[in-house]
file coords07.txt (compact mmCIF, C-alpha atoms and all ligand atoms)
# COMPACT_ATOMS: atom_id res chain seq x y z
CA MET A 1 0.00 0.00 0.00
CA LYS A 2 1.32 3.41 -0.89
CA SER A 3 2.14 5.98 1.71
CA THR A 4 -0.57 8.57 2.39
CA ASP A 5 1.48 11.31 0.79
CA SER A 6 2.10 9.61 -2.49
CA ARG A 7 -1.53 8.43 -2.55
CA LEU A 8 -2.80 11.97 -2.11
CA HIS A 9 -0.40 13.11 -4.74
CA LEU A 10 -1.63 10.50 -7.21
CA GLN A 11 -5.28 11.35 -6.45
CA HIS A 12 -4.60 14.97 -7.06
CA ALA A 13 -2.74 14.36 -10.32
CA THR A 14 -5.49 12.04 -11.53
CA LEU A 15 -8.21 14.60 -10.84
CA VAL A 16 -6.23 17.26 -12.69
CA SER A 17 -5.82 15.03 -15.73
CA LEU A 18 -9.50 14.04 -15.64
CA ALA A 19 -10.44 17.71 -15.58
CA GLN A 20 -8.52 18.12 -18.83
CA SER A 21 -9.95 15.00 -20.43
CA ARG A 22 -10.33 15.32 -24.19
CA ALA A 23 -12.98 12.63 -24.27
CA MET A 24 -15.12 14.65 -21.86
CA GLU A 25 -14.61 17.83 -23.85
CA SER A 26 -15.45 16.23 -27.18
CA GLY A 27 -18.53 14.58 -25.68
CA ASP A 28 -17.38 11.00 -26.18
CA PHE A 29 -19.44 9.61 -23.31
CA GLN A 30 -18.32 5.99 -23.39
CA LYS A 31 -14.65 6.93 -23.66
CA THR A 32 -15.05 9.33 -20.75
CA LEU A 33 -16.53 6.56 -18.61
CA GLN A 34 -13.64 4.28 -19.53
CA GLU A 35 -11.16 6.94 -18.52
CA LEU A 36 -12.94 7.33 -15.21
CA THR A 37 -12.97 3.61 -14.35
CA GLU A 38 -9.31 3.30 -15.35
CA ALA A 39 -8.50 6.27 -13.15
CA LEU A 40 -10.24 4.47 -10.29
CA THR A 41 -8.45 1.13 -10.64
CA ARG A 42 -5.09 2.89 -10.97
CA THR A 43 -5.49 5.46 -8.26
CA GLN A 44 -7.48 3.46 -5.72
CA GLN A 45 -5.40 0.36 -6.37
CA VAL A 46 -8.45 -1.86 -6.87
CA GLN A 47 -8.92 -4.71 -9.29
CA ARG A 48 -12.37 -3.71 -10.42
CA ALA A 49 -14.03 -0.32 -10.84
CA SER A 50 -17.38 0.31 -12.42
CA ILE A 51 -19.99 2.98 -13.12
CA TRP A 52 -23.68 2.18 -12.81
CA LEU A 53 -26.78 4.20 -13.59
CA TYR A 54 -30.36 3.56 -12.61
CA THR A 55 -32.50 1.95 -15.29
CA ALA A 56 -35.24 4.08 -16.86
CA GLU A 57 -37.84 2.32 -14.65
CA ARG A 58 -35.57 2.84 -11.63
CA ASP A 59 -36.01 -0.81 -10.70
CA GLY A 60 -32.32 -1.58 -10.89
CA ILE A 61 -28.92 -0.30 -11.96
CA ALA A 62 -27.14 -1.02 -15.23
CA CYS A 63 -23.39 -1.18 -15.64
CA LEU A 64 -22.18 1.39 -18.16
CA ASP A 65 -18.55 0.49 -17.80
CA LEU A 66 -16.47 -1.92 -15.75
CA HIS A 67 -12.68 -1.86 -15.82
CA GLU A 68 -10.85 -4.99 -14.75
CA ALA A 69 -7.30 -4.00 -13.99
CA VAL A 70 -5.61 -7.37 -14.29
CA LYS A 71 -6.94 -8.07 -17.76
CA ASN A 72 -7.10 -4.37 -18.59
CA GLU A 73 -10.49 -4.97 -20.15
CA HIS A 74 -13.74 -3.06 -20.22
CA ALA A 75 -17.21 -4.56 -20.07
CA ALA A 76 -20.75 -3.24 -19.73
CA GLY A 77 -24.37 -4.26 -19.75
CA VAL A 78 -24.94 -6.17 -16.50
CA VAL A 79 -28.12 -5.13 -14.69
CA LEU A 80 -28.67 -5.53 -10.94
CA LYS A 81 -32.34 -5.67 -10.00
CA GLN A 82 -33.59 -3.94 -6.89
CA ASN A 83 -35.76 -6.96 -6.03
CA ASP A 84 -32.72 -9.22 -5.87
CA PHE A 85 -30.68 -6.92 -3.60
CA PRO A 86 -33.16 -4.86 -1.56
CA GLY A 87 -30.74 -4.16 1.27
CA TYR A 88 -28.11 -2.74 -1.06
CA PHE A 89 -30.61 -0.54 -2.88
CA ARG A 90 -31.96 0.77 0.42
CA ALA A 91 -28.42 1.74 1.37
CA LEU A 92 -27.96 3.41 -2.03
CA GLU A 93 -31.08 5.48 -1.54
CA GLU A 94 -29.53 7.00 1.56
CA GLU A 95 -27.21 8.72 -0.89
CA ARG A 96 -24.15 8.24 1.22
CA THR A 97 -20.86 6.62 0.38
CA ILE A 98 -20.89 2.93 1.17
CA ALA A 99 -17.46 2.06 2.48
CA ALA A 100 -17.69 -1.65 3.26
CA ASP A 101 -14.36 -2.81 4.63
CA ASP A 102 -15.70 -6.31 5.03
CA ALA A 103 -18.25 -6.58 2.28
CA HIS A 104 -19.28 -10.09 3.34
CA THR A 105 -20.58 -8.99 6.69
CA ASP A 106 -21.51 -5.34 6.08
CA PRO A 107 -25.34 -5.23 6.14
CA ARG A 108 -25.36 -2.99 3.06
CA THR A 109 -23.40 -5.35 0.84
CA ARG A 110 -23.67 -8.81 2.33
CA GLU A 111 -26.43 -9.81 -0.14
CA PHE A 112 -23.66 -10.02 -2.71
CA SER A 113 -21.49 -12.35 -0.62
CA THR A 114 -22.16 -15.80 -2.05
CA VAL A 115 -23.50 -14.88 -5.47
CA TYR A 116 -20.91 -12.34 -6.42
CA LEU A 117 -18.17 -11.44 -3.99
CA ALA A 118 -16.94 -14.91 -3.04
CA PRO A 119 -16.62 -16.26 -6.61
CA LEU A 120 -14.55 -13.20 -7.59
CA GLY A 121 -12.52 -13.06 -4.39
CA ILE A 122 -13.79 -9.59 -3.50
CA ASN A 123 -13.63 -8.65 0.16
CA SER A 124 -14.02 -4.89 0.32
CA MET A 125 -16.34 -2.54 -1.60
CA LEU A 126 -16.43 1.23 -1.86
CA ASP A 127 -19.48 2.75 -3.56
CA ALA A 128 -20.06 6.49 -4.07
CA PRO A 129 -23.44 7.81 -5.19
CA ILE A 130 -23.65 9.82 -8.44
CA ARG A 131 -25.86 12.87 -8.14
CA HIS A 132 -27.09 14.67 -11.19
CA ARG A 133 -29.51 17.59 -11.34
CA GLY A 134 -30.39 17.18 -7.70
CA LYS A 135 -31.15 13.48 -7.96
CA MET A 136 -29.21 10.32 -7.19
CA VAL A 137 -28.82 8.66 -10.57
CA GLY A 138 -26.29 5.90 -10.04
CA VAL A 139 -23.17 4.72 -8.30
CA VAL A 140 -19.41 4.47 -8.77
CA CYS A 141 -18.06 1.14 -7.44
CA GLN A 142 -14.64 -0.03 -6.42
CA GLU A 143 -14.12 -3.67 -5.58
CA HIS A 144 -11.01 -4.90 -3.85
CA VAL A 145 -9.81 -8.47 -4.37
CA GLY A 146 -7.57 -9.90 -1.64
CA PRO A 147 -7.48 -9.35 2.11
CA ALA A 148 -10.12 -6.92 3.41
CA ARG A 149 -8.91 -3.35 3.47
CA SER A 150 -10.11 -0.34 5.30
CA TRP A 151 -11.09 2.54 3.07
CA THR A 152 -9.47 5.80 4.07
CA GLN A 153 -11.32 9.10 4.07
CA ASP A 154 -9.27 10.40 1.14
CA GLU A 155 -10.12 7.29 -0.88
CA GLN A 156 -13.77 7.85 -0.14
CA ASN A 157 -13.41 11.49 -1.17
CA PHE A 158 -11.68 10.47 -4.37
CA ALA A 159 -14.54 8.10 -5.23
CA GLY A 160 -16.93 11.03 -4.64
CA SER A 161 -14.92 13.24 -6.99
CA VAL A 162 -15.06 10.61 -9.72
CA ALA A 163 -18.84 10.40 -9.17
CA ASP A 164 -18.96 14.17 -9.75
CA PHE A 165 -17.07 13.68 -13.01
CA VAL A 166 -19.69 11.16 -14.10
CA SER A 167 -22.32 13.82 -13.45
CA LEU A 168 -20.36 16.30 -15.61
CA ALA A 169 -20.07 13.69 -18.35
CA LEU A 170 -23.84 13.11 -18.19
CA GLU A 171 -24.38 16.82 -18.52
CA ALA A 172 -22.06 17.09 -21.53
CA ASN A 173 -23.74 14.05 -23.06
CA GLU A 174 -27.21 15.56 -22.68
CA ARG A 175 -26.04 18.85 -24.14
CA ILE A 176 -24.47 17.16 -27.13
CA LYS A 177 -27.58 15.06 -27.72
CA ALA A 178 -29.72 18.21 -27.64
CA GLU A 179 -27.35 19.99 -30.02
CA LYS A 180 -27.42 17.06 -32.40
CA ALA A 181 -31.21 16.93 -32.32
CA LEU A 182 -31.35 20.65 -33.02
CA ALA A 183 -28.86 20.42 -35.87
CA GLN A 184 -30.91 17.60 -37.34
CA GLN A 185 -34.08 19.65 -37.12
CA VAL A 186 -32.40 22.59 -38.80
CA GLU A 187 -31.16 20.32 -41.54
CA GLU A 188 -34.61 18.81 -42.07
CA LEU A 189 -36.16 22.24 -42.19
CA ALA A 190 -33.63 23.42 -44.75
CA ARG A 191 -34.27 20.31 -46.83
CA SER A 192 -38.05 20.64 -46.73
CA ASN A 193 -37.71 24.34 -47.54
CA ALA A 194 -35.52 23.56 -50.49
CA GLU A 195 -38.00 20.93 -51.63
CA LEU A 196 -40.88 23.34 -51.33
CA GLU A 197 -38.98 25.94 -53.26
CA GLN A 198 -38.18 23.43 -55.94
CA PHE A 199 -41.82 22.40 -56.02
CA ALA A 200 -43.05 25.98 -56.43
CA TYR A 201 -40.55 26.53 -59.17
CA VAL A 202 -41.25 23.33 -61.07
CA ALA A 203 -45.01 23.65 -60.69
CA SER A 204 -45.12 27.21 -61.94
CA HIS A 205 -42.64 26.49 -64.66
CA ASP A 206 -44.45 23.40 -65.93
CA LEU A 207 -47.87 25.04 -65.68
CA GLN A 208 -46.82 27.63 -68.19
CA GLU A 209 -46.93 25.26 -71.09
CA PRO A 210 -50.54 23.95 -70.79
CA LEU A 211 -51.66 27.42 -69.85
CA ARG A 212 -50.14 28.84 -72.98
CA MET A 213 -52.17 26.31 -74.94
CA VAL A 214 -55.40 27.27 -73.17
CA SER A 215 -54.81 30.97 -73.75
CA ASN A 216 -53.90 30.47 -77.38
CA TYR A 217 -57.04 28.51 -78.10
CA VAL A 218 -59.44 30.77 -76.23
CA SER A 219 -57.85 33.75 -77.99
CA LEU A 220 -58.38 31.94 -81.27
CA LEU A 221 -62.00 31.25 -80.33
CA GLU A 222 -62.43 34.92 -79.49
CA ARG A 223 -60.98 36.09 -82.76
CA LYS A 224 -62.83 33.61 -84.92
CA TYR A 225 -66.26 33.55 -83.31
CA LYS A 226 -66.65 36.97 -81.67
CA GLY A 227 -70.08 38.35 -82.63
CA LYS A 228 -70.97 35.17 -84.49
CA LEU A 229 -72.42 33.26 -81.59
CA ASP A 230 -74.98 34.52 -79.10
CA PRO A 231 -73.99 37.32 -76.63
CA ASP A 232 -73.60 34.87 -73.75
CA ALA A 233 -70.98 32.93 -75.69
CA ASP A 234 -69.05 36.16 -76.30
CA LYS A 235 -69.16 36.89 -72.60
CA TYR A 236 -67.96 33.42 -71.61
CA ILE A 237 -65.10 33.55 -74.05
CA ARG A 238 -64.09 36.95 -72.71
CA TYR A 239 -64.07 35.62 -69.15
CA ALA A 240 -61.95 32.67 -70.25
CA VAL A 241 -59.43 34.98 -71.94
CA GLU A 242 -59.28 37.22 -68.87
CA GLY A 243 -58.88 34.24 -66.57
CA ALA A 244 -56.09 32.80 -68.65
CA THR A 245 -54.31 36.16 -68.78
CA ARG A 246 -54.56 36.58 -65.03
CA MET A 247 -53.31 33.09 -64.42
CA HIS A 248 -50.42 33.71 -66.75
CA ARG A 249 -49.44 36.78 -64.76
CA MET A 250 -49.72 34.93 -61.46
CA ILE A 251 -47.55 32.10 -62.68
CA GLU A 252 -44.95 34.55 -63.90
CA ASP A 253 -45.01 36.24 -60.51
CA LEU A 254 -44.75 32.93 -58.72
CA LEU A 255 -41.68 32.15 -60.77
CA THR A 256 -40.18 35.51 -59.90
CA PHE A 257 -41.02 34.83 -56.27
CA SER A 258 -39.42 31.41 -56.22
CA ARG A 259 -36.30 32.77 -57.87
CA SER A 260 -36.15 35.84 -55.65
CA ALA A 261 -34.26 34.57 -52.64
CA ARG A 262 -31.74 32.33 -54.32
CA ASP A 263 -28.30 32.85 -52.97
CA GLU A 264 -26.73 33.17 -56.36
CA GLN A 265 -26.21 36.88 -56.02
CA SER A 266 -22.75 37.58 -54.72
CA ILE A 267 -21.99 40.02 -51.96
CA GLU A 268 -20.53 43.23 -53.28
CA THR A 269 -20.10 46.83 -52.35
CA VAL A 270 -23.47 48.40 -52.96
CA ASP A 271 -23.97 52.09 -53.40
CA ALA A 272 -27.60 52.40 -52.28
CA GLN A 273 -27.80 55.93 -53.63
CA ALA A 274 -26.92 54.73 -57.11
CA VAL A 275 -29.31 51.78 -56.79
CA ALA A 276 -32.15 54.16 -55.86
CA LYS A 277 -31.28 56.36 -58.81
CA ASP A 278 -31.56 53.43 -61.22
CA VAL A 279 -34.85 52.36 -59.68
CA LEU A 280 -36.25 55.87 -60.10
CA ALA A 281 -35.16 55.86 -63.72
CA ASN A 282 -37.08 52.59 -64.21
CA LEU A 283 -40.16 54.07 -62.62
CA ALA A 284 -39.84 57.50 -64.26
CA ARG A 285 -42.88 57.08 -66.43
CA ALA A 286 -45.21 55.90 -63.71
CA ALA A 287 -43.90 58.63 -61.42
CA GLU A 288 -44.44 61.28 -64.02
CA GLU A 289 -47.96 60.13 -64.83
CA ALA A 290 -48.85 60.26 -61.16
CA ARG A 291 -47.01 63.58 -60.70
CA ALA A 292 -45.11 61.94 -57.90
CA GLU A 293 -42.48 63.80 -55.98
CA ILE A 294 -39.82 61.39 -54.82
CA LEU A 295 -37.22 62.53 -52.36
CA VAL A 296 -34.20 60.31 -51.79
CA HIS A 297 -32.19 61.22 -48.69
CA PRO A 298 -28.50 60.31 -48.49
CA LEU A 299 -28.16 56.53 -48.63
CA PRO A 300 -25.18 54.45 -47.53
CA THR A 301 -22.65 52.40 -49.41
CA PHE A 302 -22.26 48.99 -47.78
CA ARG A 303 -21.58 45.31 -48.40
CA ALA A 304 -24.75 43.56 -49.56
CA ARG A 305 -26.35 41.76 -52.46
CA GLY A 306 -26.88 44.51 -54.98
CA PRO A 307 -29.78 43.18 -57.09
CA ALA A 308 -31.65 42.38 -53.88
CA LEU A 309 -31.71 46.00 -52.74
CA SER A 310 -32.74 47.13 -56.18
CA GLN A 311 -35.69 44.73 -56.25
CA ILE A 312 -36.83 45.77 -52.77
CA LEU A 313 -36.75 49.49 -53.53
CA GLN A 314 -38.38 48.97 -56.90
CA ASN A 315 -41.34 47.10 -55.38
CA LEU A 316 -41.82 49.52 -52.50
CA ILE A 317 -41.57 52.71 -54.55
CA GLU A 318 -43.80 51.24 -57.24
CA ASN A 319 -46.45 50.53 -54.60
CA ALA A 320 -46.02 53.98 -53.09
CA ILE A 321 -46.89 55.46 -56.50
CA LYS A 322 -49.66 52.97 -57.22
CA TYR A 323 -51.53 53.21 -53.92
CA ARG A 324 -51.72 57.00 -53.95
CA GLY A 325 -54.60 58.99 -52.59
CA ASP A 326 -56.20 62.10 -54.07
CA ALA A 327 -53.15 64.28 -53.51
CA ALA A 328 -50.08 63.95 -55.71
CA PRO A 329 -47.81 61.26 -54.25
CA ARG A 330 -44.99 62.48 -52.03
CA ILE A 331 -42.53 59.71 -51.40
CA GLU A 332 -39.42 59.68 -49.25
CA VAL A 333 -36.62 57.14 -49.18
CA LYS A 334 -34.32 57.19 -46.16
CA ALA A 335 -31.73 55.10 -44.38
CA GLU A 336 -30.25 55.33 -40.94
CA ARG A 337 -27.83 53.19 -38.99
CA SER A 338 -29.41 51.06 -36.31
CA GLY A 339 -26.88 48.92 -34.43
CA ASP A 340 -25.40 46.41 -36.87
CA ASP A 341 -28.01 47.19 -39.53
CA TRP A 342 -28.98 49.83 -41.98
CA ARG A 343 -32.64 50.63 -41.50
CA PHE A 344 -34.26 51.81 -44.71
CA SER A 345 -37.71 53.33 -45.06
CA VAL A 346 -39.98 54.19 -47.95
CA SER A 347 -42.86 56.41 -46.90
CA ASP A 348 -45.81 57.73 -48.86
CA ASN A 349 -48.89 59.89 -48.39
CA GLY A 350 -51.14 57.35 -50.10
CA ILE A 351 -54.31 55.49 -49.15
CA GLY A 352 -52.67 53.69 -46.24
CA ILE A 353 -53.21 50.20 -44.87
CA ASP A 354 -55.47 49.26 -42.00
CA PRO A 355 -53.05 48.04 -39.26
CA GLN A 356 -55.06 44.81 -38.97
CA HIS A 357 -53.72 43.91 -42.43
CA SER A 358 -50.13 44.90 -41.80
CA GLU A 359 -49.00 41.24 -41.71
CA ARG A 360 -51.31 40.01 -44.45
CA VAL A 361 -50.01 42.35 -47.13
CA PHE A 362 -46.67 40.51 -47.04
CA ARG A 363 -48.30 37.17 -47.88
CA ILE A 364 -48.26 35.79 -51.36
CA PHE A 365 -51.24 36.78 -53.57
CA GLN A 366 -52.85 38.75 -50.75
CA ARG A 367 -54.40 42.03 -51.85
CA LEU A 368 -56.64 44.43 -50.01
CA HIS A 369 -58.72 45.66 -52.94
CA GLU A 370 -61.04 44.13 -55.43
CA ARG A 371 -59.54 43.13 -58.73
CA GLY A 372 -59.43 45.81 -61.34
CA LYS A 373 -59.10 48.74 -58.99
CA TYR A 374 -55.31 48.55 -58.93
CA SER A 375 -53.15 46.43 -61.20
CA GLY A 376 -51.05 43.67 -59.68
CA THR A 377 -51.26 40.14 -58.33
CA GLY A 378 -50.28 40.63 -54.71
CA ILE A 379 -46.77 39.27 -54.89
CA GLY A 380 -44.60 42.41 -54.69
CA LEU A 381 -44.45 42.62 -50.91
CA ALA A 382 -44.10 38.83 -50.55
CA ILE A 383 -40.98 39.11 -52.71
CA VAL A 384 -39.70 42.02 -50.62
CA LYS A 385 -40.17 40.02 -47.43
CA ARG A 386 -38.49 36.98 -48.86
CA ILE A 387 -35.49 38.91 -50.10
CA VAL A 388 -35.09 40.92 -46.92
CA GLU A 389 -35.35 37.83 -44.73
CA SER A 390 -32.95 35.88 -46.87
CA GLN A 391 -30.45 38.68 -46.17
CA LYS A 392 -31.16 38.30 -42.43
CA GLY A 393 -33.16 41.50 -42.25
CA THR A 394 -36.73 42.27 -41.27
CA VAL A 395 -39.48 44.24 -42.95
CA TRP A 396 -42.64 45.79 -41.54
CA VAL A 397 -45.13 48.53 -42.25
CA GLU A 398 -46.53 51.39 -40.20
CA SER A 399 -49.56 53.05 -41.66
CA THR A 400 -52.66 55.14 -41.08
CA VAL A 401 -55.58 54.70 -43.43
CA GLY A 402 -56.04 57.80 -45.54
CA GLN A 403 -52.73 59.32 -44.51
CA GLY A 404 -50.01 57.09 -45.86
CA SER A 405 -47.69 54.22 -45.14
CA THR A 406 -44.08 53.76 -44.20
CA PHE A 407 -42.39 50.50 -45.10
CA HIS A 408 -39.27 49.81 -43.04
CA PHE A 409 -36.65 47.17 -43.74
CA THR A 410 -33.27 46.39 -42.27
CA LEU A 411 -30.22 44.91 -43.93
CA PRO A 412 -27.02 43.95 -42.13
CA ALA A 413 -24.41 46.66 -42.58
CA GLU A 414 -21.78 43.94 -43.01
CA ALA A 415 -23.21 41.07 -45.04
P1 LIG B 501 -49.83 44.17 -55.46
O1 LIG B 501 -49.37 45.59 -55.46
O2 LIG B 501 -49.52 43.44 -56.70
O3 LIG B 501 -51.25 44.01 -55.04
P2 LIG B 501 -48.12 43.77 -53.17
O4 LIG B 501 -47.70 42.48 -52.57
O5 LIG B 501 -47.07 44.70 -53.61
O6 LIG B 501 -49.04 43.36 -54.37
O7 LIG B 501 -49.05 44.49 -52.14
C1 LIG B 501 -50.05 43.76 -51.44
C2 LIG B 501 -51.17 44.68 -51.01
O8 LIG B 501 -50.69 45.59 -50.02
C3 LIG B 501 -51.65 45.55 -52.13
O9 LIG B 501 -52.65 44.90 -52.86
C4 LIG B 501 -52.18 46.76 -51.37
O10 LIG B 501 -53.49 46.49 -50.92
C5 LIG B 501 -51.30 46.85 -50.17
N1 LIG B 501 -50.21 47.85 -50.32
C6 LIG B 501 -48.96 47.64 -50.70
N2 LIG B 501 -48.23 48.77 -50.70
C7 LIG B 501 -49.06 49.75 -50.29
C8 LIG B 501 -48.91 51.16 -50.06
N3 LIG B 501 -47.75 51.79 -50.25
N4 LIG B 501 -50.01 51.85 -49.63
C9 LIG B 501 -51.17 51.21 -49.44
N5 LIG B 501 -51.37 49.89 -49.63
C10 LIG B 501 -50.34 49.16 -50.05
call {"tool": "encode", "arguments": {"input": "coords07.txt", "output": "structure tokens", "more": "lines below"}}
Ligand code: ADP
result
Amino acid sequence: MKSTDSRLHLQHATLVSLAQSRAMESGDFQKTLQELTEALTRTQQVQRASIWLYTAERDGIACLDLHEAVKNEHAAGVVLKQNDFPGYFRALEEERTIAADDAHTDPRTREFSTVYLAPLGINSMLDAPIRHRGKMVGVVCQEHVGPARSWTQDEQNFAGSVADFVSLALEANERIKAEKALAQQVEELARSNAELEQFAYVASHDLQEPLRMVSNYVSLLERKYKGKLDPDADKYIRYAVEGATRMHRMIEDLLTFSRSARDEQSIETVDAQAVAKDVLANLARAAEEARAEILVHPLPTFRARGPALSQILQNLIENAIKYRGDAAPRIEVKAERSGDDWRFSVSDNGIGIDPQHSERVFRIFQRLHERGKYSGTGIGLAIVKRIVESQKGTVWVESTVGQGSTFHFTLPAEA
């Protein structure tokens, strides 16, 4: 038996090395348990050391790892049932270290005497409870083969420290399991999103062809038979042509929508002022017709996806012109820094949006007016939302009916 000093020294060194265990850090649970049982056999000078956890039903304990020093082998899987060893389990439930110098006679361990201890030549047992999240969850066992020995206080303490390491390993294991589950969920979500996107794209793309056929033939019908059949027939044909035209526009928009947030656009230095200028040039005719006054305040230059910003501004300014009230449209485009983002706004003095619809307007094909009053299919804001969110920004609207609306969106200043 080692002297007390060198024993304490070894215990201390072992605890330090366990604290730096790679297996523990990387979350390799089984390897960590093996390191712990090996540390026990080596440091406590026992032939057998094992780690046990309660079964899910709590009707027994299952061996997660047993290290046998002589053979230097690990084993696992044995289950001890509470019904077979009631005295031992009662002692365990007291949640105190069981230091049985003579395991054959100690009331806490003597149930093991003939069935287990004698065949293996074990005479002394030292068991330390494992506590985890305020509950006793298992036990760390040391079994000494050879003449009975008396467990010192420092050996009992060391067993307790190893039990604490098991608790840490359990914690790391739970955390890693949760992280893995989360990563898996994220991956599944990304996959189903991608599938949905693909579906929207393929569906709208493939629908174009039969639709083209329908529109061609109803147009042909219209041209050939207009005024030659009865008035009802003329009306029905006209409805069919209108329906086909509308559907064509919606499918085109759906395609634009499904293409809108693809990550193909590279990040570049974007001069928002120049982007706004181009957008205004595109909209010059509509602006002129509406006698719109559009004021663009100084806008930043920052790293972003250029075409994305252009599309957002185009849709918002176009709407600001389209949904004007009786007065000539007065539109302002601004940007200000807000933390890590640039916060843009496009405000108008138009018809406004009832706040109860301020979420709905961003949904695909959602419009607040009957068809015919304003042109459009209800996809512009859905595209804006999709683009902004794909750039990790947010978009929202503040509005008062009859007074105007302000659309805000943020984009990260450093994409
Ligand atoms: P669209 O203009 O094709 O209808 P959008 O998705 O761009 O589609 O807009 C959805 C709805 O939100 C519009 O139908 C309109 O009712 C409302 N809306 C959008 N922009 C404005 C605005 N600047 N002022 C008032 N209403 C607006």
call {"tool": "axis_aligned_box", "arguments": {"input": "coords07.txt", "around": "ligand LIG 501 (chain B)", "padding_each_side": "4 Å", "output": "AutoDock Vina command-line options"}}
result
--center_x -50.3 --center_y 47.2 --center_z -53.1 --size_x 14.4 --size_y 17.4 --size_z 15.3
call {"tool": "residues_around", "arguments": {"input": "coords07.txt", "residues": "Ile331 (chain A)", "least_positions_apart": "4", "cutoff": "9 Å", "atoms": "all atoms listed in the file", "output": "list in words"}}
result
Ala292, Glu293, Ile294, Leu295, Val296, Ile317, Ala320, Ile321, Val346, Ser347, Asp348 and Asn349 of chain A
call {"tool": "residues_near_ligand", "arguments": {"input": "coords07.txt", "ligand": "ligand LIG 501 (chain B)", "cutoff": "6 Å", "atoms": "all atoms listed in the file", "output": "list in words"}}
result
Asn319, Ala320, Tyr323, Gly350, Ile351, Gly352, Ile353, Val361, Phe362, Gln366, Arg367, Leu368, His369, Gly376, Thr377, Gly378, Ile379, Gly380, Leu381, Ala382 and Ser405 of chain A
call {"tool": "write_last_selection", "arguments": {"input": "coords07.txt", "atoms": "C-alpha atoms", "output": "CSV table (one decimal), keeping the file's coordinate frame"}}
result
chain,number,residue,atom,x,y,z
A,319,ASN,CA,-46.4,50.5,-54.6
A,320,ALA,CA,-46.0,54.0,-53.1
A,323,TYR,CA,-51.5,53.2,-53.9
A,350,GLY,CA,-51.1,57.4,-50.1
A,351,ILE,CA,-54.3,55.5,-49.2
A,352,GLY,CA,-52.7,53.7,-46.2
A,353,ILE,CA,-53.2,50.2,-44.9
A,361,VAL,CA,-50.0,42.4,-47.1
A,362,PHE,CA,-46.7,40.5,-47.0
A,366,GLN,CA,-52.8,38.8,-50.8
A,367,ARG,CA,-54.4,42.0,-51.8
A,368,LEU,CA,-56.6,44.4,-50.0
A,369,HIS,CA,-58.7,45.7,-52.9
A,376,GLY,CA,-51.0,43.7,-59.7
A,377,THR,CA,-51.3,40.1,-58.3
A,378,GLY,CA,-50.3,40.6,-54.7
A,379,ILE,CA,-46.8,39.3,-54.9
A,380,GLY,CA,-44.6,42.4,-54.7
A,381,LEU,CA,-44.4,42.6,-50.9
A,382,ALA,CA,-44.1,38.8,-50.6
A,405,SER,CA,-47.7,54.2,-45.1
call {"tool": "atom_distance", "arguments": {"input": "coords07.txt", "atom1": "CA of Ala181 (chain A)", "atom2": "CA of Lys392 (chain A)"}}
result
23.6 Å
call {"tool": "atom_distance", "arguments": {"input": "coords07.txt", "atom1": "CA of Pro300 (chain A)", "atom2": "CA of Gln273 (chain A)"}}
result
6.8 Å
call {"tool": "residues_around", "arguments": {"input": "coords07.txt", "residues": "Glu289 (chain A)", "least_positions_apart": "5", "cutoff": "12 Å", "atoms": "all atoms listed in the file", "output": "compact mmCIF listing (two decimals) with C-alpha atoms, keeping the file's coordinate frame"}}
result
# COMPACT_ATOMS: atom_id res chain seq x y z
CA LEU A 283 -40.16 54.07 -62.62
CA ALA A 284 -39.84 57.50 -64.26
CA ILE A 321 -46.89 55.46 -56.50
CA LYS A 322 -49.66 52.97 -57.22
CA ARG A 324 -51.72 57.00 -53.95
CA ALA A 328 -50.08 63.95 -55.71
CA PRO A 329 -47.81 61.26 -54.25
